[in-house]
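J.: Dropping in input.pdb, which is PDB, C-alpha atoms and all ligand atoms:
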ATOM      1  CA  MET A1482     -28.659  -3.940   3.354  1.00  0.00           C
ATOM      2  CA  THR A1483     -25.547  -2.394   1.783  1.00  0.00           C
ATOM      3  CA  GLN A1484     -23.160  -4.737   0.005  1.00  0.00           C
ATOM      4  CA  GLU A1485     -19.865  -5.364   1.811  1.00  0.00           C
ATOM      5  CA  GLN A1486     -17.006  -3.508   0.128  1.00  0.00           C
ATOM      6  CA  ALA A1487     -14.626  -5.797  -1.782  1.00  0.00           C
ATOM      7  CA  LYS A1488     -11.396  -6.417   0.114  1.00  0.00           C
ATOM      8  CA  PHE A1489      -7.770  -6.886  -0.875  1.00  0.00           C
ATOM      9  CA  ILE A1490      -6.225  -9.746   1.136  1.00  0.00           C
ATOM     10  CA  VAL A1491      -2.521 -10.584   0.820  1.00  0.00           C
ATOM     11  CA  ILE A1492      -0.414 -13.603   1.769  1.00  0.00           C
ATOM     12  CA  GLU A1493       3.254 -12.881   2.500  1.00  0.00           C
ATOM     13  CA  GLY A1494       6.204 -14.963   3.622  1.00  0.00           C
ATOM     14  CA  LEU A1495       9.750 -16.032   2.916  1.00  0.00           C
ATOM     15  CA  GLU A1496      10.438 -18.828   0.422  1.00  0.00           C
ATOM     16  CA  GLY A1497       9.218 -22.195   1.733  1.00  0.00           C
ATOM     17  CA  ALA A1498       6.755 -20.621   4.190  1.00  0.00           C
ATOM     18  CA  GLY A1499       3.783 -22.424   2.592  1.00  0.00           C
ATOM     19  CA  LYS A1500       2.178 -19.513   0.711  1.00  0.00           C
ATOM     20  CA  SER A1501       0.711 -21.683  -2.070  1.00  0.00           C
ATOM     21  CA  SER A1502      -1.363 -23.955   0.154  1.00  0.00           C
ATOM     22  CA  ALA A1503      -2.394 -20.996   2.328  1.00  0.00           C
ATOM     23  CA  ILE A1504      -3.622 -19.199  -0.805  1.00  0.00           C
ATOM     24  CA  GLU A1505      -5.805 -22.161  -1.767  1.00  0.00           C
ATOM     25  CA  LEU A1506      -7.323 -22.162   1.723  1.00  0.00           C
ATOM     26  CA  VAL A1507      -7.946 -18.407   1.809  1.00  0.00           C
ATOM     27  CA  LYS A1508      -9.415 -18.529  -1.699  1.00  0.00           C
ATOM     28  CA  ALA A1509     -11.930 -21.136  -0.518  1.00  0.00           C
ATOM     29  CA  ILE A1510     -12.808 -19.111   2.594  1.00  0.00           C
ATOM     30  CA  ILE A1511     -13.328 -15.901   0.592  1.00  0.00           C
ATOM     31  CA  THR A1512     -15.427 -17.763  -1.986  1.00  0.00           C
ATOM     32  CA  GLN A1513     -17.641 -19.124   0.764  1.00  0.00           C
ATOM     33  CA  HIS A1514     -17.913 -15.703   2.441  1.00  0.00           C
ATOM     34  CA  THR A1515     -18.675 -13.647  -0.693  1.00  0.00           C
ATOM     35  CA  LYS A1516     -20.289 -16.376  -2.848  1.00  0.00           C
ATOM     36  CA  GLN A1517     -17.794 -15.450  -5.541  1.00  0.00           C
ATOM     37  CA  ALA A1518     -14.197 -16.548  -6.206  1.00  0.00           C
ATOM     38  CA  PRO A1519     -11.631 -13.774  -5.629  1.00  0.00           C
ATOM     39  CA  VAL A1520      -9.316 -12.636  -8.398  1.00  0.00           C
ATOM     40  CA  CYS A1521      -5.896 -14.049  -7.504  1.00  0.00           C
ATOM     41  CA  THR A1522      -2.742 -12.066  -8.253  1.00  0.00           C
ATOM     42  CA  ARG A1523       0.947 -12.706  -7.776  1.00  0.00           C
ATOM     43  CA  GLU A1524       3.805 -10.250  -7.395  1.00  0.00           C
ATOM     44  CA  PRO A1525       5.877  -9.581  -9.250  1.00  0.00           C
ATOM     45  CA  GLY A1526       3.563 -10.426 -12.129  1.00  0.00           C
ATOM     46  CA  GLY A1527      -0.145 -10.710 -12.770  1.00  0.00           C
ATOM     47  CA  THR A1528      -0.307  -8.724 -16.048  1.00  0.00           C
ATOM     48  CA  PRO A1529       1.537  -9.543 -19.294  1.00  0.00           C
ATOM     49  CA  LEU A1530       3.986  -6.666 -18.779  1.00  0.00           C
ATOM     50  CA  ALA A1531       4.470  -7.365 -15.069  1.00  0.00           C
ATOM     51  CA  GLU A1532       5.161 -11.048 -15.865  1.00  0.00           C
ATOM     52  CA  LYS A1533       8.034  -9.908 -18.134  1.00  0.00           C
ATOM     53  CA  MET A1534       9.401  -7.913 -15.193  1.00  0.00           C
ATOM     54  CA  ARG A1535       9.080 -11.055 -13.041  1.00  0.00           C
ATOM     55  CA  ASP A1536      11.446 -12.846 -15.420  1.00  0.00           C
ATOM     56  CA  LEU A1537      13.874  -9.915 -15.242  1.00  0.00           C
ATOM     57  CA  VAL A1538      14.150 -10.113 -11.445  1.00  0.00           C
ATOM     58  CA  LYS A1539      14.046 -13.914 -11.189  1.00  0.00           C
ATOM     59  CA  ILE A1540      16.529 -14.944 -13.884  1.00  0.00           C
ATOM     60  CA  ALA A1541      20.190 -14.051 -13.302  1.00  0.00           C
ATOM     61  CA  ASP A1542      22.192 -12.632 -16.240  1.00  0.00           C
ATOM     62  CA  GLU A1543      25.877 -12.828 -15.322  1.00  0.00           C
ATOM     63  CA  THR A1544      26.807 -10.551 -18.255  1.00  0.00           C
ATOM     64  CA  ASP A1545      24.636  -7.728 -16.883  1.00  0.00           C
ATOM     65  CA  PRO A1546      23.946  -8.284 -13.168  1.00  0.00           C
ATOM     66  CA  LEU A1547      20.844  -6.510 -11.892  1.00  0.00           C
ATOM     67  CA  CYS A1548      21.889  -3.789  -9.436  1.00  0.00           C
ATOM     68  CA  ASP A1549      19.888  -3.447  -6.220  1.00  0.00           C
ATOM     69  CA  GLU A1550      18.289  -0.128  -7.183  1.00  0.00           C
ATOM     70  CA  ALA A1551      17.150  -1.440 -10.589  1.00  0.00           C
ATOM     71  CA  GLU A1552      15.752  -4.544  -8.885  1.00  0.00           C
ATOM     72  CA  CYS A1553      13.763  -2.336  -6.521  1.00  0.00           C
ATOM     73  CA  LEU A1554      12.405  -0.175  -9.344  1.00  0.00           C
ATOM     74  CA  LEU A1555      11.357  -3.251 -11.343  1.00  0.00           C
ATOM     75  CA  PHE A1556       9.309  -4.562  -8.414  1.00  0.00           C
ATOM     76  CA  TYR A1557       7.529  -1.199  -8.169  1.00  0.00           C
ATOM     77  CA  ALA A1558       7.001  -0.913 -11.926  1.00  0.00           C
ATOM     78  CA  ALA A1559       5.374  -4.361 -11.892  1.00  0.00           C
ATOM     79  CA  ARG A1560       3.280  -3.459  -8.836  1.00  0.00           C
ATOM     80  CA  ALA A1561       2.078  -0.150 -10.301  1.00  0.00           C
ATOM     81  CA  GLN A1562       1.007  -1.978 -13.459  1.00  0.00           C
ATOM     82  CA  LEU A1563      -0.853  -4.655 -11.489  1.00  0.00           C
ATOM     83  CA  ILE A1564      -2.633  -2.152  -9.236  1.00  0.00           C
ATOM     84  CA  ALA A1565      -3.722   0.045 -12.160  1.00  0.00           C
ATOM     85  CA  ASN A1566      -4.843  -2.703 -14.521  1.00  0.00           C
ATOM     86  CA  VAL A1567      -6.038  -5.488 -12.239  1.00  0.00           C
ATOM     87  CA  ILE A1568      -6.334  -4.806  -8.496  1.00  0.00           C
ATOM     88  CA  LYS A1569      -8.165  -1.456  -8.482  1.00  0.00           C
ATOM     89  CA  PRO A1570     -10.554  -2.257 -11.385  1.00  0.00           C
ATOM     90  CA  THR A1571     -11.429  -5.611  -9.754  1.00  0.00           C
ATOM     91  CA  LEU A1572     -12.152  -4.055  -6.349  1.00  0.00           C
ATOM     92  CA  ALA A1573     -14.189  -1.319  -8.046  1.00  0.00           C
ATOM     93  CA  LYS A1574     -16.405  -4.000  -9.600  1.00  0.00           C
ATOM     94  CA  GLY A1575     -17.037  -5.427  -6.125  1.00  0.00           C
ATOM     95  CA  THR A1576     -14.851  -8.526  -6.509  1.00  0.00           C
ATOM     96  CA  TRP A1577     -12.322  -9.411  -3.824  1.00  0.00           C
ATOM     97  CA  VAL A1578      -8.613  -9.705  -4.666  1.00  0.00           C
ATOM     98  CA  LEU A1579      -6.284 -12.265  -3.115  1.00  0.00           C
ATOM     99  CA  GLY A1580      -2.623 -11.385  -3.552  1.00  0.00           C
ATOM    100  CA  ASP A1581       0.409 -13.654  -3.446  1.00  0.00           C
ATOM    101  CA  ARG A1582       2.778 -10.953  -2.073  1.00  0.00           C
ATOM    102  CA  HIS A1583       2.461  -7.150  -2.259  1.00  0.00           C
ATOM    103  CA  ASN A1584       4.297  -4.081  -0.960  1.00  0.00           C
ATOM    104  CA  LEU A1585       5.402  -5.674   2.313  1.00  0.00           C
ATOM    105  CA  SER A1586       7.714  -7.941   0.274  1.00  0.00           C
ATOM    106  CA  SER A1587       9.556  -4.903  -1.120  1.00  0.00           C
ATOM    107  CA  LEU A1588       9.874  -3.371   2.348  1.00  0.00           C
ATOM    108  CA  ALA A1589      11.254  -6.694   3.663  1.00  0.00           C
ATOM    109  CA  TYR A1590      13.462  -7.876   0.787  1.00  0.00           C
ATOM    110  CA  GLN A1591      14.664  -4.617  -0.761  1.00  0.00           C
ATOM    111  CA  GLY A1592      14.283  -2.385   2.321  1.00  0.00           C
ATOM    112  CA  GLY A1593      15.544  -4.876   4.928  1.00  0.00           C
ATOM    113  CA  GLY A1594      17.406  -7.458   2.851  1.00  0.00           C
ATOM    114  CA  ARG A1595      19.208  -5.051   0.495  1.00  0.00           C
ATOM    115  CA  GLY A1596      19.442  -2.191   2.992  1.00  0.00           C
ATOM    116  CA  LEU A1597      17.525   0.216   0.735  1.00  0.00           C
ATOM    117  CA  MET A1598      14.768   1.269   3.151  1.00  0.00           C
ATOM    118  CA  PRO A1599      14.840   5.042   2.414  1.00  0.00           C
ATOM    119  CA  LEU A1600      14.574   4.371  -1.337  1.00  0.00           C
ATOM    120  CA  VAL A1601      11.837   1.762  -0.865  1.00  0.00           C
ATOM    121  CA  LYS A1602       9.785   4.022   1.390  1.00  0.00           C
ATOM    122  CA  SER A1603      10.052   6.961  -1.036  1.00  0.00           C
ATOM    123  CA  ILE A1604       9.056   4.925  -4.094  1.00  0.00           C
ATOM    124  CA  SER A1605       6.327   3.202  -2.124  1.00  0.00           C
ATOM    125  CA  ASP A1606       4.800   6.529  -1.040  1.00  0.00           C
ATOM    126  CA  ILE A1607       5.027   8.004  -4.531  1.00  0.00           C
ATOM    127  CA  THR A1608       3.678   5.028  -6.468  1.00  0.00           C
ATOM    128  CA  LEU A1609       1.081   3.595  -4.083  1.00  0.00           C
ATOM    129  CA  LYS A1610      -0.237   6.885  -2.642  1.00  0.00           C
ATOM    130  CA  GLY A1611      -1.521   5.170   0.497  1.00  0.00           C
ATOM    131  CA  PHE A1612      -3.091   2.182  -1.286  1.00  0.00           C
ATOM    132  CA  LYS A1613      -2.649  -0.910   0.893  1.00  0.00           C
ATOM    133  CA  PRO A1614      -4.209  -4.323   1.550  1.00  0.00           C
ATOM    134  CA  ASP A1615      -7.160  -4.576   3.962  1.00  0.00           C
ATOM    135  CA  LEU A1616      -5.491  -7.581   5.552  1.00  0.00           C
ATOM    136  CA  THR A1617      -2.105  -9.290   5.244  1.00  0.00           C
ATOM    137  CA  LEU A1618      -1.357 -12.776   6.539  1.00  0.00           C
ATOM    138  CA  TYR A1619       2.400 -13.062   7.034  1.00  0.00           C
ATOM    139  CA  LEU A1620       3.567 -16.686   7.254  1.00  0.00           C
ATOM    140  CA  ASP A1621       6.624 -16.516   9.485  1.00  0.00           C
ATOM    141  CA  ILE A1622       9.345 -19.122   8.984  1.00  0.00           C
ATOM    142  CA  ASP A1623      13.000 -19.473   9.973  1.00  0.00           C
ATOM    143  CA  PRO A1624      14.890 -18.751   6.706  1.00  0.00           C
ATOM    144  CA  GLN A1625      17.038 -21.883   6.985  1.00  0.00           C
ATOM    145  CA  LEU A1626      13.972 -24.101   7.275  1.00  0.00           C
ATOM    146  CA  GLY A1627      12.131 -22.241   4.520  1.00  0.00           C
ATOM    147  CA  LEU A1628      15.053 -22.366   2.089  1.00  0.00           C
ATOM    148  CA  THR A1629      15.533 -26.090   2.718  1.00  0.00           C
ATOM    149  CA  ARG A1630      11.855 -26.629   1.892  1.00  0.00           C
ATOM    150  CA  ALA A1631      12.191 -24.427  -1.228  1.00  0.00           C
ATOM    151  CA  ALA A1632      15.346 -26.262  -2.371  1.00  0.00           C
ATOM    152  CA  ASN A1633      13.517 -29.593  -2.058  1.00  0.00           C
ATOM    153  CA  ARG A1634      10.928 -28.259  -4.526  1.00  0.00           C
ATOM    154  CA  GLY A1635      13.513 -27.676  -7.274  1.00  0.00           C
ATOM    155  CA  GLU A1636      16.139 -25.276  -8.556  1.00  0.00           C
ATOM    156  CA  LEU A1637      16.532 -21.954  -6.741  1.00  0.00           C
ATOM    157  CA  ASP A1638      16.245 -18.646  -8.643  1.00  0.00           C
ATOM    158  CA  ARG A1639      18.361 -15.450  -8.463  1.00  0.00           C
ATOM    159  CA  ILE A1640      16.777 -14.207  -5.228  1.00  0.00           C
ATOM    160  CA  GLU A1641      16.503 -17.616  -3.556  1.00  0.00           C
ATOM    161  CA  THR A1642      20.282 -18.044  -3.869  1.00  0.00           C
ATOM    162  CA  GLN A1643      21.076 -14.954  -1.758  1.00  0.00           C
ATOM    163  CA  LYS A1644      23.017 -15.444   1.476  1.00  0.00           C
ATOM    164  CA  ILE A1645      21.087 -16.515   4.588  1.00  0.00           C
ATOM    165  CA  GLU A1646      21.769 -13.092   6.202  1.00  0.00           C
ATOM    166  CA  PHE A1647      19.703 -11.458   3.438  1.00  0.00           C
ATOM    167  CA  PHE A1648      16.671 -13.565   4.417  1.00  0.00           C
ATOM    168  CA  GLU A1649      17.291 -13.015   8.123  1.00  0.00           C
ATOM    169  CA  ARG A1650      17.172  -9.254   7.566  1.00  0.00           C
ATOM    170  CA  ALA A1651      14.031  -9.667   5.440  1.00  0.00           C
ATOM    171  CA  ARG A1652      12.361 -11.747   8.158  1.00  0.00           C
ATOM    172  CA  ALA A1653      13.224  -9.201  10.861  1.00  0.00           C
ATOM    173  CA  THR A1654      11.715  -6.475   8.672  1.00  0.00           C
ATOM    174  CA  PHE A1655       8.503  -8.441   8.038  1.00  0.00           C
ATOM    175  CA  LEU A1656       8.144  -8.885  11.816  1.00  0.00           C
ATOM    176  CA  SER A1657       8.906  -5.267  12.628  1.00  0.00           C
ATOM    177  CA  PHE A1658       6.246  -3.999  10.191  1.00  0.00           C
ATOM    178  CA  ALA A1659       3.760  -6.543  11.558  1.00  0.00           C
ATOM    179  CA  ALA A1660       4.384  -5.279  15.091  1.00  0.00           C
ATOM    180  CA  GLU A1661       3.423  -1.744  14.006  1.00  0.00           C
ATOM    181  CA  ASP A1662       0.410  -2.513  11.822  1.00  0.00           C
ATOM    182  CA  GLU A1663      -2.796  -4.188  13.015  1.00  0.00           C
ATOM    183  CA  SER A1664      -3.700  -5.175   9.458  1.00  0.00           C
ATOM    184  CA  ILE A1665      -0.700  -7.560   9.327  1.00  0.00           C
ATOM    185  CA  ILE A1666      -1.272 -10.884  11.106  1.00  0.00           C
ATOM    186  CA  VAL A1667       1.715 -13.114  11.903  1.00  0.00           C
ATOM    187  CA  ILE A1668       1.134 -16.847  11.445  1.00  0.00           C
ATOM    188  CA  ASP A1669       3.763 -19.289  12.763  1.00  0.00           C
ATOM    189  CA  ALA A1670       4.498 -21.280   9.587  1.00  0.00           C
ATOM    190  CA  SER A1671       6.831 -23.743  11.306  1.00  0.00           C
ATOM    191  CA  GLN A1672       3.793 -25.561  12.759  1.00  0.00           C
ATOM    192  CA  THR A1673       2.124 -28.503  11.003  1.00  0.00           C
ATOM    193  CA  ILE A1674       0.106 -27.534   7.936  1.00  0.00           C
ATOM    194  CA  GLU A1675      -3.095 -28.439   9.826  1.00  0.00           C
ATOM    195  CA  ARG A1676      -2.276 -25.987  12.610  1.00  0.00           C
ATOM    196  CA  VAL A1677      -1.209 -23.263  10.179  1.00  0.00           C
ATOM    197  CA  HIS A1678      -4.467 -23.640   8.262  1.00  0.00           C
ATOM    198  CA  ALA A1679      -6.536 -23.720  11.456  1.00  0.00           C
ATOM    199  CA  GLN A1680      -4.913 -20.458  12.578  1.00  0.00           C
ATOM    200  CA  ILE A1681      -5.499 -18.822   9.202  1.00  0.00           C
ATOM    201  CA  ALA A1682      -9.161 -19.890   9.220  1.00  0.00           C
ATOM    202  CA  HIS A1683      -9.543 -18.564  12.776  1.00  0.00           C
ATOM    203  CA  GLU A1684      -7.962 -15.176  11.962  1.00  0.00           C
ATOM    204  CA  LEU A1685     -10.084 -14.769   8.852  1.00  0.00           C
ATOM    205  CA  SER A1686     -13.348 -15.709  10.512  1.00  0.00           C
ATOM    206  CA  ALA A1687     -12.598 -13.263  13.340  1.00  0.00           C
ATOM    207  CA  ARG A1688     -12.153 -10.486  10.774  1.00  0.00           C
ATOM    208  CA  LEU A1689     -14.677 -11.406   8.108  1.00  0.00           C
ATOM    209  CA  GLY A1690     -17.445 -12.457  10.486  1.00  0.00           C
TER     210      GLY A1690
HETATM  211  P1  LIG A1701       7.642 -15.972  -5.341  1.00  0.00           P
HETATM  212  O1  LIG A1701       6.441 -15.104  -5.306  1.00  0.00           O
HETATM  213  O2  LIG A1701       7.512 -17.131  -6.250  1.00  0.00           O
HETATM  214  O3  LIG A1701       8.125 -16.321  -3.968  1.00  0.00           O
HETATM  215  O4  LIG A1701       8.824 -15.152  -6.043  1.00  0.00           O
HETATM  216  C1  LIG A1701       9.018 -13.814  -5.864  1.00  0.00           C
HETATM  217  C2  LIG A1701      10.433 -13.537  -5.422  1.00  0.00           C
HETATM  218  O5  LIG A1701      10.664 -12.138  -5.495  1.00  0.00           O
HETATM  219  C3  LIG A1701      10.716 -13.957  -3.988  1.00  0.00           C
HETATM  220  O6  LIG A1701      12.058 -14.387  -3.867  1.00  0.00           O
HETATM  221  C4  LIG A1701      10.547 -12.667  -3.214  1.00  0.00           C
HETATM  222  C5  LIG A1701      10.983 -11.620  -4.197  1.00  0.00           C
HETATM  223  N1  LIG A1701      10.330 -10.331  -4.070  1.00  0.00           N
HETATM  224  C6  LIG A1701      11.080  -9.229  -3.683  1.00  0.00           C
HETATM  225  O7  LIG A1701      12.277  -9.351  -3.437  1.00  0.00           O
HETATM  226  N2  LIG A1701      10.454  -8.025  -3.594  1.00  0.00           N
HETATM  227  C7  LIG A1701       9.130  -7.844  -3.907  1.00  0.00           C
HETATM  228  O8  LIG A1701       8.601  -6.729  -3.816  1.00  0.00           O
HETATM  229  C8  LIG A1701       8.371  -9.007  -4.316  1.00  0.00           C
HETATM  230  C9  LIG A1701       6.924  -8.865  -4.646  1.00  0.00           C
HETATM  231  C10 LIG A1701       9.001 -10.215  -4.376  1.00  0.00           C
END
Represent the structure from my file as structure tokens, please.
Ligand code: TMP
T.:
Amino acid sequence: MTQEQAKFIVIEGLEGAGKSSAIELVKAIITQHTKQAPVCTREPGGTPLAEKMRDLVKIADETDPLCDEAECLLFYAARAQLIANVIKPTLAKGTWVLGDRHNLSSLAYQGGGRGLMPLVKSISDITLKGFKPDLTLYLDIDPQLGLTRAANRGELDRIETQKIEFFERARATFLSFAAEDESIIVIDASQTIERVHAQIAHELSARLG
């Protein structure tokens, strides 16, 4: 029997969609399925250099505001670093990778939210060269509800304090990519956590067997 090829599974969603608890669930399901814990990544971040870039995009500096194009390039620099030094080597060893966000976030936030879709698509094509997750679970939430949940957790960062229209555009972009790509599954994250988790478990078992 040939060994199943290691997969790259990604959880996406706006702030307050419930990514963290979904990640714990998916991690447990993958561990049970493969008999080995997946390597978990987060974006931006996941390598020492990419974590520095995470701080650059998360923390506002009023004396030198980050322009939209520089923000976009930082996300891709961090992603390229993570793919080269963590994601690809891990998959090559046969270990699954579970990602907290990936390229779909840039398409949604920078492409949709910032209105930079042509730039995002060009950089995406050039840097990723077709590399993409095997499966993405997109936790869909109304931005107002998600941001209220996120605000209840603590202080909001530079991106979380954008106007609601920014998140509405990002959400519409997440949904439009999901409608075009069978590897992106939409989960209604406004349901109770039990129902969200039941749906995630169902979708994964249908795909993992
Ligand atoms: P989070 O992973 O803790 O939610 O923080 C990441 C933030 O960065 C979140 O507000 C979404 C945003 N983001 C982008 O705007 N573009 C990207 O490509 C990624 C990965 C994240």
J.: Rounded to one decimal in Å, what is the spacing between CA of Ile1490 in chain A and CA of Leu1618 in chain A?
T.: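 Atom-to-atom, CA of Ile1490 in chain A and CA of Leu1618 in chain A are spaced 7.9 Å apart.
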J.: Please give me, as a PyMOL selection string, the residues lying within 10 Å of ligand LIG 1701 (chain A) when counting all atoms listed in the file.
T.: chain A and resi 1492-1501+1523-1526+1535-1536+1538-1539+1552-1557+1559-1560+1580-1592+1594-1595+1601+1631+1637-1643+1648+1651
J.: Show me a table, sorted first by chain and then by increasing residue number, of the residues of range 1487-1605 of chain A having an atom at most 10 Å from range 1676-1683 of chain A, each with its shortest atom pair and the distance in Å to one decimal, counting only C-alpha atoms and written as JSON lines.
T.:
{"residue": "A:Gly1499", "atom": "CA", "partner": "A:Val1677", "partner_atom": "CA", "distance": 9.1}
{"residue": "A:Ser1502", "atom": "CA", "partner": "A:His1678", "partner_atom": "CA", "distance": 8.7}
{"residue": "A:Ala1503", "atom": "CA", "partner": "A:His1678", "partner_atom": "CA", "distance": 6.8}
{"residue": "A:Leu1506", "atom": "CA", "partner": "A:His1678", "partner_atom": "CA", "distance": 7.3}
{"residue": "A:Val1507", "atom": "CA", "partner": "A:Ala1682", "partner_atom": "CA", "distance": 7.7}
{"residue": "A:Ile1510", "atom": "CA", "partner": "A:Ala1682", "partner_atom": "CA", "distance": 7.6}
J.: Counting all atoms listed in the file, I want the residues whose atoms come within 10 Å of (-7.8, -2.1, 3.5) in the file frame, returned as a PyMOL selection string.
T.: chain A and resi 1486-1490+1612-1617+1664
J.: What's around Ile1511 in chain A at 10 Å? Count only C-alpha atoms, leave out sequence neighbours fewer than 3 positions away in its own chain, and write the answer as a list in words.
T.: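 Close residues of Ile1511 in chain A: Lys1488, Ile1490, Leu1506, Val1507, Lys1508, His1514, Thr1515, Lys1516, Gln1517, Ala1518, Pro1519, Trp1577, Val1578, Leu1579, Leu1685, Ser1686 and Leu1689 of chain A.
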J.: How many Å lie between CA of Val1667 in chain A and CA of Leu1628 in chain A, rounded to one decimal?
T.: 19.0 Å
J.: Using Å and a single decimal, report how far CA of Phe1655 in chain A sits from CA of Leu1620 in chain A.
T.: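 That distance, rounded to one decimal, is 9.6 Å.
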J.: Given the point (13.2, -17.1, 12.8) in the coordinates of this file, which residues lie within 8 Å, counting only C-alpha atoms, and how would they look as JSON, numbers by chain?
T.: {"A": [1621, 1622, 1623, 1624, 1649, 1652]}
J.: Measuring between all atoms listed in the file, which one of A:Glu1532, A:Glu1543, A:Asp1662, A:Glu1646 shows the shortest distance to Ala1558 in chain A?
T.: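 With all atoms listed in the file as the atom set, the closest residue is A:Glu1532.
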J.: Measuring between all atoms listed in the file, which one of A:Arg1650, A:Lys1569, A:Arg1688, A:Lys1533 shows the shortest distance to Gly1593 in chain A?
T.: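 Closest candidate: A:Arg1650.
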